[in-house]
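Asks: Input file: entry-v5.csv. Contents: CSV, C-alpha atoms and all ligand atoms.
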chain,number,residue,atom,x,y,z
A,1,MET,CA,-195.3,19.3,23.2
A,2,MET,CA,-197.0,19.1,26.5
A,3,THR,CA,-195.6,17.3,29.6
A,4,LEU,CA,-197.6,15.7,32.4
A,5,TYR,CA,-195.7,15.8,35.6
A,6,SER,CA,-196.7,12.7,37.3
A,7,GLY,CA,-195.5,9.8,39.5
A,8,ASP,CA,-196.3,6.1,39.4
A,9,LEU,CA,-197.8,6.1,42.9
A,10,SER,CA,-199.6,9.4,42.6
A,11,PRO,CA,-203.3,8.4,42.3
A,12,PHE,CA,-204.3,11.9,41.2
A,13,SER,CA,-201.8,11.7,38.4
A,14,ALA,CA,-203.0,8.2,37.6
A,15,ARG,CA,-206.5,9.6,37.0
A,16,VAL,CA,-205.1,11.9,34.2
A,17,ARG,CA,-202.8,9.1,32.8
A,18,MET,CA,-205.8,6.8,32.5
A,19,GLN,CA,-207.7,9.6,30.6
A,20,ILE,CA,-204.6,10.1,28.3
A,21,TYR,CA,-204.4,6.3,27.6
A,22,ALA,CA,-208.2,6.0,27.0
A,23,LYS,CA,-208.2,8.9,24.6
A,24,GLY,CA,-205.2,7.5,22.7
A,25,ILE,CA,-203.2,10.7,23.2
A,26,THR,CA,-199.6,10.1,22.3
A,27,ASP,CA,-198.1,13.6,22.2
A,28,ILE,CA,-198.0,14.3,26.0
A,29,ALA,CA,-194.7,13.3,27.7
A,30,ILE,CA,-195.2,11.8,31.1
A,31,GLU,CA,-192.4,12.5,33.6
A,32,LEU,CA,-191.5,12.9,37.2
A,33,PRO,CA,-191.1,16.6,37.9
A,34,PRO,CA,-187.6,17.7,38.6
A,35,HIS,CA,-187.1,18.7,42.2
A,36,PHE,CA,-190.5,17.2,43.3
A,37,GLY,CA,-191.0,17.8,47.1
A,38,MET,CA,-188.3,20.5,47.1
A,39,PRO,CA,-188.5,24.3,47.2
A,40,LYS,CA,-187.5,24.6,43.5
A,41,PHE,CA,-190.7,22.7,42.5
A,42,ARG,CA,-192.8,24.9,44.8
A,43,ASP,CA,-191.2,28.0,43.3
A,44,THR,CA,-192.8,27.2,39.9
A,45,ALA,CA,-195.8,25.2,41.1
A,46,PRO,CA,-197.0,26.9,44.3
A,47,ILE,CA,-199.5,24.2,45.3
A,48,GLY,CA,-196.5,21.8,45.2
A,49,ARG,CA,-198.5,18.7,44.1
A,50,ILE,CA,-198.7,16.5,41.1
A,51,PRO,CA,-200.1,16.1,38.5
A,52,VAL,CA,-199.2,19.4,36.8
A,53,LEU,CA,-199.6,19.8,33.0
A,54,ASP,CA,-196.8,21.8,31.4
A,55,VAL,CA,-198.1,23.5,28.2
A,56,ASP,CA,-195.0,25.3,26.7
A,57,GLY,CA,-193.9,26.4,30.2
A,58,ASP,CA,-197.4,27.4,31.3
A,59,LEU,CA,-198.2,25.1,34.3
A,60,ILE,CA,-201.7,23.8,34.9
A,61,PRO,CA,-202.2,22.2,38.4
A,62,GLU,CA,-205.1,20.0,39.7
A,63,SER,CA,-206.1,16.7,38.2
A,64,ALA,CA,-209.8,17.6,37.7
A,65,VAL,CA,-208.8,20.9,36.0
A,66,ILE,CA,-206.2,19.1,33.8
A,67,ALA,CA,-208.8,16.4,32.9
A,68,GLU,CA,-211.4,19.0,31.8
A,69,TYR,CA,-208.7,20.9,29.8
A,70,LEU,CA,-207.7,17.7,28.0
A,71,GLU,CA,-211.3,17.0,27.2
A,72,GLU,CA,-211.6,20.5,25.6
A,73,ILE,CA,-208.4,20.2,23.5
A,74,TYR,CA,-208.8,16.6,22.6
A,75,PRO,CA,-212.6,16.3,22.4
A,76,GLU,CA,-212.6,12.8,20.7
A,77,PRO,CA,-213.1,10.2,21.9
A,78,SER,CA,-215.2,12.0,24.5
A,79,LEU,CA,-215.1,10.8,28.1
A,80,LEU,CA,-218.0,13.1,28.9
A,81,GLY,CA,-221.7,12.7,28.2
A,82,ALA,CA,-223.7,13.0,25.0
A,83,THR,CA,-226.0,15.5,26.8
A,84,PRO,CA,-225.4,18.1,29.6
A,85,ARG,CA,-227.3,15.9,32.0
A,86,GLU,CA,-225.2,12.8,31.2
A,87,THR,CA,-222.1,14.9,31.7
A,88,ALA,CA,-223.4,16.2,35.0
A,89,HIS,CA,-223.8,12.6,36.2
A,90,ILE,CA,-220.3,11.7,35.0
A,91,ARG,CA,-218.8,14.7,36.9
A,92,THR,CA,-220.8,13.8,40.0
A,93,ILE,CA,-219.4,10.3,40.1
A,94,ALA,CA,-215.9,11.6,39.3
A,95,ARG,CA,-216.2,13.9,42.3
A,96,LEU,CA,-217.2,11.0,44.5
A,97,GLY,CA,-214.0,9.3,43.4
A,98,ASP,CA,-211.7,12.4,43.6
A,99,ILE,CA,-213.0,14.5,46.5
A,100,TYR,CA,-215.1,12.2,48.6
A,101,ILE,CA,-212.9,9.0,48.4
A,102,LEU,CA,-209.5,9.8,47.1
A,103,ASN,CA,-208.8,13.0,49.1
A,104,ASN,CA,-209.7,11.2,52.3
A,105,MET,CA,-207.6,8.1,51.3
A,106,PHE,CA,-204.6,10.3,50.4
A,107,MET,CA,-204.8,12.1,53.8
A,108,LEU,CA,-205.2,8.8,55.5
A,109,SER,CA,-202.2,7.2,53.8
A,110,GLY,CA,-199.6,9.0,56.0
A,111,GLN,CA,-201.1,7.1,59.0
A,112,ALA,CA,-199.9,3.8,57.4
A,113,ARG,CA,-196.3,4.8,58.0
A,114,ALA,CA,-196.7,7.0,61.0
A,115,LYS,CA,-194.5,5.9,64.0
A,116,THR,CA,-197.6,6.4,66.2
A,117,ARG,CA,-200.9,6.1,64.4
A,118,ASN,CA,-203.5,8.7,65.3
A,119,GLN,CA,-206.7,6.7,65.7
A,120,GLY,CA,-208.8,9.9,65.7
A,121,VAL,CA,-207.5,10.7,62.2
A,122,VAL,CA,-208.1,7.1,61.0
A,123,ASP,CA,-211.7,7.1,62.4
A,124,LEU,CA,-212.5,10.5,60.9
A,125,LEU,CA,-211.1,10.0,57.4
A,126,GLY,CA,-211.7,6.2,57.3
A,127,GLY,CA,-215.3,6.9,58.3
A,128,GLN,CA,-215.8,9.3,55.5
A,129,VAL,CA,-214.4,6.8,53.0
A,130,VAL,CA,-216.8,4.1,54.1
A,131,ARG,CA,-219.8,6.5,54.0
A,132,ASN,CA,-218.9,7.7,50.5
A,133,LEU,CA,-218.3,4.2,49.2
A,134,LYS,CA,-221.8,3.3,50.4
A,135,ALA,CA,-223.2,6.3,48.5
A,136,LEU,CA,-221.2,5.2,45.4
A,137,ASP,CA,-222.8,1.7,45.7
A,138,ARG,CA,-226.2,3.3,45.2
A,139,MET,CA,-225.1,5.4,42.3
A,140,ILE,CA,-222.6,3.4,40.2
A,141,GLY,CA,-223.5,1.7,36.9
A,142,GLN,CA,-224.1,-2.0,37.0
A,143,ASP,CA,-222.8,-2.9,33.5
A,144,GLY,CA,-219.0,-2.7,34.2
A,145,PHE,CA,-218.7,1.0,33.8
A,146,ALA,CA,-219.4,3.9,36.3
A,147,CYS,CA,-221.8,5.7,34.0
A,148,SER,CA,-223.2,5.6,30.5
A,149,GLY,CA,-222.2,2.0,29.7
A,150,ARG,CA,-218.8,3.1,28.4
A,151,LEU,CA,-215.5,4.4,29.8
A,152,THR,CA,-215.8,8.0,31.0
A,153,MET,CA,-214.0,10.5,33.2
A,154,ALA,CA,-215.8,8.9,36.2
A,155,ASP,CA,-213.9,5.6,35.6
A,156,CYS,CA,-210.6,7.5,35.4
A,157,ALA,CA,-211.3,9.1,38.8
A,158,LEU,CA,-212.7,6.0,40.5
A,159,THR,CA,-209.9,3.6,39.4
A,160,PRO,CA,-207.1,5.2,41.5
A,161,ALA,CA,-209.5,5.9,44.3
A,162,LEU,CA,-210.5,2.2,44.6
A,163,PHE,CA,-206.8,1.2,44.2
A,164,MET,CA,-206.1,3.3,47.4
A,165,VAL,CA,-209.1,1.8,49.2
A,166,GLU,CA,-208.0,-1.8,48.4
A,167,ASN,CA,-204.3,-1.3,49.1
A,168,VAL,CA,-203.9,1.4,51.7
A,169,LEU,CA,-206.9,1.1,54.0
A,170,PRO,CA,-205.6,-2.3,55.4
A,171,GLY,CA,-202.4,-0.5,56.3
A,172,VAL,CA,-204.2,1.7,58.7
A,173,GLY,CA,-206.0,-1.2,60.4
A,174,MET,CA,-209.3,-1.0,58.5
A,175,ASP,CA,-210.8,-3.6,56.2
A,176,SER,CA,-211.9,-2.5,52.8
A,177,PRO,CA,-215.7,-2.2,52.7
A,178,VAL,CA,-215.7,-2.9,48.9
A,179,PRO,CA,-216.3,-6.7,49.1
A,180,SER,CA,-219.5,-6.0,51.1
A,181,LEU,CA,-220.8,-3.5,48.6
A,182,ALA,CA,-222.2,-5.6,45.8
A,183,ASN,CA,-222.4,-3.0,43.1
A,184,VAL,CA,-219.0,-1.4,43.8
A,185,ALA,CA,-217.4,-4.9,44.1
A,186,ALA,CA,-218.8,-6.0,40.7
A,187,TYR,CA,-217.7,-2.7,39.1
A,188,TRP,CA,-214.2,-3.0,40.6
A,189,ALA,CA,-213.8,-6.5,39.3
A,190,ALA,CA,-214.9,-5.5,35.9
A,191,MET,CA,-212.8,-2.3,35.7
A,192,LYS,CA,-209.7,-4.3,36.6
A,193,THR,CA,-210.1,-6.0,33.2
A,194,ASN,CA,-210.3,-2.8,31.3
A,195,GLU,CA,-207.1,-2.2,29.4
A,196,HIS,CA,-206.6,1.4,30.4
A,197,ALA,CA,-207.5,0.8,34.0
A,198,ALA,CA,-205.2,-2.3,34.0
A,199,ARG,CA,-202.3,-0.2,32.7
A,200,VAL,CA,-202.6,2.5,35.5
A,201,LEU,CA,-203.0,-0.3,38.1
A,202,VAL,CA,-199.7,-1.8,37.0
A,203,GLU,CA,-198.1,1.6,37.4
A,204,LEU,CA,-199.7,2.2,40.8
A,205,HIS,CA,-198.6,-1.2,42.1
A,206,ARG,CA,-195.1,-0.6,40.8
A,207,GLY,CA,-195.1,2.8,42.6
A,208,LEU,CA,-196.4,1.2,45.8
A,209,GLU,CA,-193.7,-1.5,45.8
A,210,GLU,CA,-191.0,1.2,45.2
A,211,ARG,CA,-192.4,3.2,48.1
A,212,ARG,CA,-192.6,0.2,50.4
A,213,GLU,CA,-188.9,-0.6,49.6
A,214,MET,CA,-187.9,3.0,50.3
A,215,ILE,CA,-189.7,2.9,53.6
A,216,ARG,CA,-188.0,-0.5,54.5
A,217,ASN,CA,-184.5,0.7,53.6
A,218,GLY,CA,-185.0,4.2,55.2
A,219,THR,CA,-184.5,6.3,52.1
A,220,PHE,CA,-188.1,7.6,52.2
A,221,GLU,CA,-187.7,8.9,55.8
A,222,ALA,CA,-184.3,10.4,54.9
A,223,PHE,CA,-185.8,12.2,51.8
A,224,MET,CA,-188.8,13.5,53.8
A,225,ALA,CA,-186.5,14.9,56.5
A,226,LYS,CA,-184.3,16.5,53.8
A,227,ALA,CA,-187.3,18.0,52.0
A,228,ALA,CA,-188.9,19.3,55.2
A,229,ALA,CA,-185.6,21.0,56.2
A,230,ALA,CA,-185.2,22.6,52.7
A,231,MET,CA,-188.8,23.7,52.7
A,232,ALA,CA,-188.4,25.4,56.2
A,233,GLN,CA,-185.2,27.0,55.0
A,234,ALA,CA,-187.0,28.4,52.0
A,235,GLY,CA,-189.9,29.6,54.1
A,236,TYR,CA,-192.5,27.3,52.7
B,1,LIG,N1,-206.2,18.1,44.5
B,1,LIG,C1,-205.0,17.7,43.9
B,1,LIG,C2,-204.3,16.7,44.8
B,1,LIG,C3,-202.9,16.4,44.2
B,1,LIG,C4,-202.0,15.6,45.3
B,1,LIG,O1,-202.4,15.6,46.4
B,1,LIG,N2,-200.9,15.1,44.8
B,1,LIG,C5,-200.0,14.4,45.6
B,1,LIG,C6,-199.5,13.1,45.0
B,1,LIG,S1,-200.9,12.0,44.6
B,1,LIG,C7,-198.8,15.2,45.9
B,1,LIG,O2,-198.3,15.8,44.9
B,1,LIG,N3,-198.4,15.4,47.1
B,1,LIG,C8,-197.2,16.1,47.4
B,1,LIG,C9,-197.3,16.9,48.7
B,1,LIG,O3,-198.3,16.7,49.4
B,1,LIG,O4,-196.4,17.7,49.0
B,1,LIG,C10,-205.3,17.1,42.5
B,1,LIG,O5,-206.4,16.7,42.2
B,1,LIG,O6,-204.4,17.2,41.6
Take the structure from the file and write it as structure tokens.
Ligand SMILES: N[C@@H](CCC(=O)N[C@@H](CS)C(=O)NCC(=O)O)C(=O)O
Replies:
Amino acid sequence: MMTLYSGDLSPFSARVRMQIYAKGITDIAIELPPHFGMPKFRDTAPIGRIPVLDVDGDLIPESAVIAEYLEEIYPEPSLLGATPRETAHIRTIARLGDIYILNNMFMLSGQARAKTRNQGVVDLLGGQVVRNLKALDRMIGQDGFACSGRLTMADCALTPALFMVENVLPGVGMDSPVPSLANVAAYWAAMKTNEHAARVLVELHRGLEERREMIRNGTFEAFMAKAAAAMAQAGY
């Protein structure tokens, strides 16, 4: 049995969860990793990030790598293309979601809770998000799906990315550009009605509410301080 180490609010994990739901895979357990954020987790998973797929004790990190691995071992239903060119397009749009939008959003998210916001960081990363959303607006499908007129790996990568844009960008003082981008806006409205996207959006919102409560009651800051001290002690 495989286990996906994941967390409700982890958008990179949400990408893989959406793929698992869309493919109807039921024999992968989905759990928070023990010792997440602590040296013990880093000891076994050196990158120290989730998602991680545990295949009988062999750990596979990186959401895009896990996604491709799952496509290989559960080829049906395929979330890739029917031709190499179609697959190349799906992977391009997935990279726009993952690397060009989500990575920048994830790095930006710390500024939402920073005691003193660094406006240079917000301008740099927020600017990249806006630029890449404009590119997406010119490339995205106009029939409710990112590519190919059906759910693909591109939708799995874009759904958590657009969740972050909608819910985290305002927290750093920027308006989401999505409403002004007609094609992305129409896509996003349609994707929210897809059952697999809706399921991960419920999980992401639940995770966001939990995180906001932890920030309000101080437990998040206390955990981060404890984790930082333990990491320094362990030499990470
Ligand atoms: N490139 C990685 C990014 C994963 C990532 O940044 N995960 C976040 C949660 S969404 C994490 O584990 N952060 C913990 C940390 O930064 O220590 C992927 O695609 O899986």
Asks: Can you write out as a tab-separated table which residues of chain A fall within 6 Å of ligand LIG 1 (chain B), alongside each residue's closest atom pair and its distance in Å to one decimal, counting all atoms listed in the file and ordering rows by chain and ascending residue number?
Replies:
residue	atom	partner	partner_atom	distance
A:Ser10	CA	B:LIG1	S1	3.5
A:Pro11	CA	B:LIG1	S1	4.9
A:Phe12	CA	B:LIG1	S1	4.8
A:Gly37	CA	B:LIG1	O4	5.7
A:Gly48	CA	B:LIG1	O4	5.6
A:Arg49	CA	B:LIG1	O2	3.0
A:Ile50	CA	B:LIG1	O2	3.9
A:Pro51	CA	B:LIG1	O6	5.4
A:Glu62	CA	B:LIG1	O6	3.5
A:Ser63	CA	B:LIG1	O6	3.8
A:Ala64	CA	B:LIG1	O5	5.7
Asks: Go ahead and compute the interatomic distance for CA of Leu136 in chain A and CA of Pro75 in chain A, in Å to one decimal.
Replies: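 CA of Pro75 in chain A lies 26.9 Å from CA of Leu136 in chain A.
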Asks: Gly97 in chain A: which residues within 10 Å, counting all atoms listed in the file, same-chain residues fewer than 6 positions away excluded, as a VMD selection string?
Replies: chain A and resid 15 91 103 129 132 to 133 136 154 to 162
Asks: For CA of Cys147 in chain A and CA of Glu203 in chain A, determine how far apart the two atoms are, in Å to one decimal place.
Replies: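 Distance reported for this atom pair: 24.3 Å.
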Asks: Check the smallest atom-to-atom distance from each of A:Ile25, A:Phe36, A:Phe223, A:Ala234 to Met2 in chain A using only C-alpha atoms, then report the winner.
Replies: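 Among the listed residues, A:Ile25 lies closest to Met2 in chain A.
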Asks: Rank A:Asp137, A:Arg95, A:Pro170, A:Met38 by their smallest atom-to-atom distance to Met231 in chain A, using only C-alpha atoms, and report the top residue only.
Replies: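 Distance minimum relative to Met231 in chain A lands on A:Met38.
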Asks: What is the CA of Leu201 in chain A to CA of Glu221 in chain A distance in Å?
Replies: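 We find that CA of Leu201 in chain A and CA of Glu221 in chain A lie 25.1 Å from each other.
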Asks: I need the residue nearest Met107 in chain A from this list: A:Gly126, A:Pro84, A:Gly120, A:Gly171. Use only C-alpha atoms for the distance.
Replies: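 Of the candidates, the smallest distance to Met107 in chain A is held by A:Gly126.
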Asks: Pick the closest to Phe106 in chain A from A:Ala29, A:Met224, A:Val65, A:Val165: which is it, counting all atoms listed in the file?
Replies: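 Comparing A:Ala29, A:Met224, A:Val65, A:Val165 against Phe106 in chain A, the winner is A:Val165.
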Asks: Which residue out of A:Ile215, A:Thr3, A:Met18, A:Ala82 has the minimum interatomic distance to Leu53 in chain A when all atoms listed in the file are used?
Replies: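 Of the candidates, the smallest distance to Leu53 in chain A is held by A:Thr3.
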Asks: Measuring atom to atom with all atoms listed in the file, identify which of A:Ala222, A:Ala94, A:Leu9, A:Leu70 is nearest to Lys23 in chain A.
Replies: A:Leu70
Asks: Scan for residues within 10 Å of the point (-220.0, 1.9, 35.1) in the coordinates of the file, using only C-alpha atoms, and reply as a PyMOL selection string.
Replies: chain A and resi 90+93+139-152+154-155+158+183-184+186-188+190-191
Asks: Would you save the residues of that selection, restricted to C-alpha atoms, as an mmCIF file, keeping the file's coordinate frame?
Replies:
data_model
loop_
_atom_site.group_PDB
_atom_site.id
_atom_site.type_symbol
_atom_site.label_atom_id
_atom_site.label_comp_id
_atom_site.auth_asym_id
_atom_site.auth_seq_id
_atom_site.Cartn_x
_atom_site.Cartn_y
_atom_site.Cartn_z
ATOM 1 C CA ILE A 90 -220.300 11.700 35.000
ATOM 2 C CA ILE A 93 -219.400 10.300 40.100
ATOM 3 C CA MET A 139 -225.100 5.400 42.300
ATOM 4 C CA ILE A 140 -222.600 3.400 40.200
ATOM 5 C CA GLY A 141 -223.500 1.700 36.900
ATOM 6 C CA GLN A 142 -224.100 -2.000 37.000
ATOM 7 C CA ASP A 143 -222.800 -2.900 33.500
ATOM 8 C CA GLY A 144 -219.000 -2.700 34.200
ATOM 9 C CA PHE A 145 -218.700 1.000 33.800
ATOM 10 C CA ALA A 146 -219.400 3.900 36.300
ATOM 11 C CA CYS A 147 -221.800 5.700 34.000
ATOM 12 C CA SER A 148 -223.200 5.600 30.500
ATOM 13 C CA GLY A 149 -222.200 2.000 29.700
ATOM 14 C CA ARG A 150 -218.800 3.100 28.400
ATOM 15 C CA LEU A 151 -215.500 4.400 29.800
ATOM 16 C CA THR A 152 -215.800 8.000 31.000
ATOM 17 C CA ALA A 154 -215.800 8.900 36.200
ATOM 18 C CA ASP A 155 -213.900 5.600 35.600
ATOM 19 C CA LEU A 158 -212.700 6.000 40.500
ATOM 20 C CA ASN A 183 -222.400 -3.000 43.100
ATOM 21 C CA VAL A 184 -219.000 -1.400 43.800
ATOM 22 C CA ALA A 186 -218.800 -6.000 40.700
ATOM 23 C CA TYR A 187 -217.700 -2.700 39.100
ATOM 24 C CA TRP A 188 -214.200 -3.000 40.600
ATOM 25 C CA ALA A 190 -214.900 -5.500 35.900
ATOM 26 C CA MET A 191 -212.800 -2.300 35.700
#
Asks: Near range 31-33 of chain A, counting all atoms listed in the file, which residues have an atom at most 6 Å away, once you skip same-chain residues fewer than 4 positions from it, shown as a list in words?
Replies: Tyr5, Ser6 and Gly7 of chain A
Asks: Could you complete range 119-151 of chain A so that it carries N, CA and C atoms, and give it back as a short mmCIF file (atom, residue, chain, number, x, y, z; two decimals), keeping the file's coordinate frame?
Replies:
data_model
loop_
_atom_site.label_atom_id
_atom_site.label_comp_id
_atom_site.auth_asym_id
_atom_site.auth_seq_id
_atom_site.Cartn_x
_atom_site.Cartn_y
_atom_site.Cartn_z
N GLN A 119 -205.42 7.46 65.99
CA GLN A 119 -206.70 6.70 65.70
C GLN A 119 -207.82 7.70 65.43
N GLY A 120 -207.75 8.91 65.98
CA GLY A 120 -208.80 9.90 65.70
C GLY A 120 -208.81 10.26 64.21
N VAL A 121 -207.62 10.41 63.63
CA VAL A 121 -207.50 10.70 62.20
C VAL A 121 -208.05 9.55 61.38
N VAL A 122 -207.67 8.34 61.79
CA VAL A 122 -208.10 7.10 61.00
C VAL A 122 -209.64 7.03 61.11
N ASP A 123 -210.21 7.25 62.30
CA ASP A 123 -211.70 7.10 62.40
C ASP A 123 -212.39 8.18 61.61
N LEU A 124 -211.87 9.41 61.64
CA LEU A 124 -212.50 10.50 60.90
C LEU A 124 -212.47 10.27 59.40
N LEU A 125 -211.25 10.08 58.88
CA LEU A 125 -211.10 10.00 57.40
C LEU A 125 -211.59 8.61 56.91
N GLY A 126 -211.28 7.55 57.66
CA GLY A 126 -211.70 6.20 57.30
C GLY A 126 -213.26 6.16 57.27
N GLY A 127 -213.88 6.83 58.25
CA GLY A 127 -215.30 6.90 58.30
C GLY A 127 -215.94 7.55 57.10
N GLN A 128 -215.29 8.60 56.66
CA GLN A 128 -215.80 9.30 55.50
C GLN A 128 -215.65 8.41 54.22
N VAL A 129 -214.54 7.68 54.14
CA VAL A 129 -214.40 6.80 53.00
C VAL A 129 -215.47 5.74 52.95
N VAL A 130 -215.78 5.15 54.10
CA VAL A 130 -216.80 4.10 54.10
C VAL A 130 -218.18 4.71 53.76
N ARG A 131 -218.49 5.86 54.34
CA ARG A 131 -219.80 6.50 54.00
C ARG A 131 -219.90 6.80 52.53
N ASN A 132 -218.82 7.29 51.93
CA ASN A 132 -218.90 7.70 50.50
C ASN A 132 -218.89 6.49 49.58
N LEU A 133 -218.25 5.40 50.01
CA LEU A 133 -218.30 4.20 49.20
C LEU A 133 -219.76 3.62 49.22
N LYS A 134 -220.44 3.77 50.37
CA LYS A 134 -221.80 3.30 50.40
C LYS A 134 -222.70 4.16 49.48
N ALA A 135 -222.42 5.45 49.42
CA ALA A 135 -223.20 6.30 48.50
C ALA A 135 -222.87 5.88 47.04
N LEU A 136 -221.58 5.60 46.77
CA LEU A 136 -221.20 5.20 45.40
C LEU A 136 -221.93 3.89 45.04
N ASP A 137 -222.09 2.98 46.02
CA ASP A 137 -222.80 1.70 45.70
C ASP A 137 -224.17 1.92 45.22
N ARG A 138 -224.80 3.01 45.63
CA ARG A 138 -226.20 3.30 45.20
C ARG A 138 -226.24 4.04 43.87
N MET A 139 -225.08 4.56 43.44
CA MET A 139 -225.10 5.40 42.30
C MET A 139 -224.36 4.87 41.06
N ILE A 140 -223.55 3.84 41.29
CA ILE A 140 -222.60 3.40 40.20
C ILE A 140 -223.37 2.51 39.20
N GLY A 141 -222.89 2.56 37.97
CA GLY A 141 -223.50 1.70 36.90
C GLY A 141 -223.29 0.25 37.21
N GLN A 142 -224.18 -0.57 36.65
CA GLN A 142 -224.10 -2.00 37.00
C GLN A 142 -223.79 -2.82 35.72
N ASP A 143 -223.10 -2.17 34.77
CA ASP A 143 -222.80 -2.90 33.50
C ASP A 143 -221.25 -2.84 33.29
N GLY A 144 -220.48 -2.71 34.38
CA GLY A 144 -219.00 -2.70 34.20
C GLY A 144 -218.39 -1.36 34.09
N PHE A 145 -219.22 -0.33 33.94
CA PHE A 145 -218.70 1.00 33.80
C PHE A 145 -219.45 1.89 34.90
N ALA A 146 -218.79 3.02 35.28
CA ALA A 146 -219.40 3.90 36.30
C ALA A 146 -220.67 4.53 35.83
N CYS A 147 -220.65 4.95 34.56
CA CYS A 147 -221.80 5.70 34.00
C CYS A 147 -221.87 5.38 32.48
N SER A 148 -223.02 5.54 31.92
CA SER A 148 -223.20 5.60 30.50
C SER A 148 -222.84 4.36 29.69
N GLY A 149 -222.51 3.27 30.38
CA GLY A 149 -222.20 2.00 29.70
C GLY A 149 -220.93 2.05 28.86
N ARG A 150 -220.06 3.02 29.16
CA ARG A 150 -218.80 3.10 28.40
C ARG A 150 -217.79 3.81 29.35
N LEU A 151 -216.50 3.77 28.95
CA LEU A 151 -215.50 4.40 29.80
C LEU A 151 -215.65 5.92 29.74
#
